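**Student:** This is the content of input-v8.txt (compact mmCIF, C-alpha atoms):
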```txt
# COMPACT_ATOMS: atom_id res chain seq x y z
CA PHE A 89 -41.59 131.16 -89.15
CA ARG A 90 -39.34 128.55 -90.66
CA ARG A 91 -41.95 125.79 -90.63
CA VAL A 92 -44.51 127.89 -92.43
CA THR A 93 -43.27 127.60 -95.97
CA HIS A 94 -46.61 128.40 -97.57
CA PRO A 95 -49.50 130.64 -96.45
CA ILE A 96 -52.02 127.79 -96.77
CA TYR A 97 -50.42 126.18 -93.71
CA LEU A 98 -51.72 129.00 -91.53
CA SER A 99 -55.31 128.21 -92.44
CA ARG A 100 -54.67 124.53 -91.64
CA PHE A 101 -53.24 125.47 -88.26
CA ARG A 102 -56.35 127.53 -87.53
CA VAL A 103 -58.55 124.54 -88.36
CA TYR A 104 -56.49 122.29 -86.06
CA VAL A 105 -56.87 124.78 -83.22
CA GLU A 106 -60.64 125.07 -83.78
CA LYS A 107 -61.00 121.28 -83.76
CA CYS A 108 -58.83 120.95 -80.62
CA GLY A 109 -56.02 119.10 -82.37
CA THR A 110 -55.34 116.93 -85.36
CA THR A 111 -57.03 113.63 -86.02
CA GLN A 112 -53.79 111.79 -85.28
CA GLU A 113 -53.50 113.51 -81.89
CA LYS A 114 -57.09 112.57 -81.03
CA ILE A 115 -56.52 108.92 -81.98
CA GLU A 116 -53.35 108.84 -79.89
CA ASN A 117 -55.31 110.22 -76.91
CA ILE A 118 -57.98 107.55 -77.43
CA ASN A 119 -55.35 104.78 -77.59
CA ASN A 120 -53.65 106.02 -74.42
CA HIS A 121 -56.97 106.24 -72.57
CA VAL A 122 -58.03 102.72 -73.58
CA TYR A 123 -54.65 101.27 -72.59
CA HIS A 124 -54.88 103.03 -69.21
CA LYS A 125 -58.38 101.62 -68.66
CA PHE A 126 -57.11 98.17 -69.69
CA GLU A 127 -54.28 98.35 -67.17
CA GLU A 128 -56.69 99.42 -64.40
CA ALA A 129 -59.02 96.51 -65.16
CA ARG A 130 -56.22 93.97 -65.21
CA GLU A 131 -54.81 95.26 -61.90
CA LYS A 132 -58.24 94.63 -60.36
CA GLY A 133 -58.28 91.13 -61.86
CA LEU A 134 -61.24 91.84 -64.13
CA PRO A 135 -61.59 90.15 -67.51
CA VAL A 136 -61.32 92.48 -70.50
CA HIS A 137 -62.94 91.63 -73.83
CA ASP A 138 -62.83 93.30 -77.22
CA ILE A 139 -66.23 94.87 -76.61
CA ASP A 140 -64.82 96.58 -73.51
CA LEU A 141 -61.97 98.07 -75.54
CA ARG A 142 -64.44 99.32 -78.14
CA ARG A 143 -66.75 100.82 -75.52
CA TRP A 144 -63.90 102.68 -73.81
CA ALA A 145 -62.63 103.95 -77.15
CA LEU A 146 -66.03 105.22 -78.27
CA ILE A 147 -66.64 106.99 -74.97
CA LYS A 148 -63.27 108.74 -75.22
CA ALA A 149 -63.91 109.58 -78.88
CA ARG A 150 -67.12 111.36 -77.89
CA GLU A 151 -65.20 113.31 -75.24
CA GLU A 152 -62.56 114.25 -77.83
CA SER A 153 -65.37 115.26 -80.22
CA SER A 154 -63.92 112.93 -82.81
CA THR A 155 -67.07 112.07 -84.76
CA ASP A 156 -65.28 110.15 -87.52
CA PHE A 157 -63.69 107.58 -85.17
CA VAL A 158 -65.02 104.02 -85.41
CA ALA A 159 -63.76 101.34 -83.06
CA SER A 160 -63.77 98.64 -85.72
CA ALA A 161 -62.48 95.10 -85.41
CA LYS A 162 -59.38 96.21 -87.34
CA TRP A 163 -58.78 99.01 -84.82
CA VAL A 164 -59.10 96.54 -81.92
CA LEU A 165 -56.68 94.12 -83.61
CA ASN A 166 -54.13 96.87 -84.27
CA PHE A 167 -54.52 98.17 -80.72
CA LYS A 168 -53.92 94.73 -79.24
CA MET A 169 -50.92 94.06 -81.47
CA LYS A 170 -49.38 97.47 -80.75
CA ASN A 171 -49.71 96.97 -77.01
CA LYS A 172 -48.87 93.24 -77.07
CA ILE A 173 -52.19 92.23 -75.53
```
Would you give me this structure, written as structure tokens?
**Tutor:**
Amino acid sequence: FRRVTHPIYLSRFRVYVEKCGTTQEKIENINNHVYHKFEEAREKGLPVHDIDLRRWALIKAREESSTDFVASAKWVLNFKMKNKI
């Protein structure tokens, strides 16, 4: 394998598979889920607050088994800036 330049990478890949993906992949899934929920709420004309974004993110984080994810105020701010909300 060309990408496997060192044997230690194989053990990392095994860990990623056991954990159902990397942390970055899990965070990206959480962000996509929250944005989808935001779009659904806005289409229905419902108000969306920061607490709603946090709640949706934490629910998805539990589903992704991402125990180290915290929907902090900084995360909410970055999410809103990234998605131009």
**Student:** Quick one: residues within 12 Å of Lys168 (chain A), all atoms listed in the file counted, chain neighbours fewer than 4 positions away excluded, as a ChimeraX atom specification?
**Tutor:** /A:119,122-123,126,136-138,141-142,161-164,172-173
**Student:** Take CA of Glu152 (chain A) and CA of Tyr97 (chain A) and report the distance between them in Å, one decimal.
**Tutor:**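 One can read the CA of Glu152 (chain A) to CA of Tyr97 (chain A) distance as 23.3 Å.
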**Student:** For His124 (chain A), work out the shell of residues within 12 Å, counting all atoms listed in the file and skipping chain neighbours fewer than 6 positions away, then give it as a list in words.
**Tutor:**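 Residues meeting the cut-off are Asn117, Ile118, Arg130, Glu131, Leu141, Trp144, Ala145, Lys148 and Asn171 of chain A.
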**Student:** May I have the residues from that selection written out with C-alpha atoms, as a short mmCIF file (atom, residue, chain, number, x, y, z; two decimals), in the frame of the given file?
**Tutor:**
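selection34.cif, freshly written:
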```cif
data_model
loop_
_atom_site.label_atom_id
_atom_site.label_comp_id
_atom_site.auth_asym_id
_atom_site.auth_seq_id
_atom_site.Cartn_x
_atom_site.Cartn_y
_atom_site.Cartn_z
CA ASN A 117 -55.31 110.22 -76.91
CA ILE A 118 -57.98 107.55 -77.43
CA ARG A 130 -56.22 93.97 -65.21
CA GLU A 131 -54.81 95.26 -61.90
CA LEU A 141 -61.97 98.07 -75.54
CA TRP A 144 -63.90 102.68 -73.81
CA ALA A 145 -62.63 103.95 -77.15
CA LYS A 148 -63.27 108.74 -75.22
CA ASN A 171 -49.71 96.97 -77.01
#
```
**Student:** Expressed in Å to a single decimal, how great is the separation between CA of Asp156 (chain A) and CA of Ile139 (chain A)?
**Tutor:**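 These two atoms are separated by 18.8 Å.
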**Student:** Select, from A:Ala149, A:Met169, A:Ile96, A:Val158, the residue with the minimum atom-to-atom distance to Glu116 (chain A), counting only C-alpha atoms.
**Tutor:**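 Closest candidate: A:Ala149.
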**Student:** Kindly give the distance, in Å, that separates CA of Ser153 (chain A) and CA of His121 (chain A), rounded to a single decimal.
**Tutor:** 14.5 Å
**Student:** Between A:Ser99, A:Asn166, A:Ser154, A:Ser160, single out the one closest to Thr111 (chain A), counting all atoms listed in the file.
**Tutor:**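 Nearest to Thr111 (chain A): A:Ser154.
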**Student:** Kindly indicate which residue among A:Asn120, A:Leu98, A:Lys114, A:Tyr104 lies nearest to Lys170 (chain A), using all atoms listed in the file for the distances.
**Tutor:**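 Smallest distance to Lys170 (chain A) is found for A:Asn120.
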**Student:** May I ask which of the residues A:Ile115, A:Arg100, A:Glu128, A:Pro95 is the closest one to Phe167 (chain A), counting all atoms listed in the file?
**Tutor:**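 Checking each of A:Ile115, A:Arg100, A:Glu128, A:Pro95 against Phe167 (chain A), counting all atoms listed in the file, the winner is A:Ile115.
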**Student:** Counting all atoms listed in the file, which residue out of A:Gln112, A:Leu134, A:Arg91, A:Ala129 sits closest to Phe157 (chain A)?
**Tutor:** A:Gln112
**Student:** For each of A:Lys125, A:Leu165, A:Lys132, A:Arg90, take the minimum atom-to-atom distance to Ile147 (chain A), counting only C-alpha atoms, then give the residue where this is smallest.
**Tutor:** A:Lys125
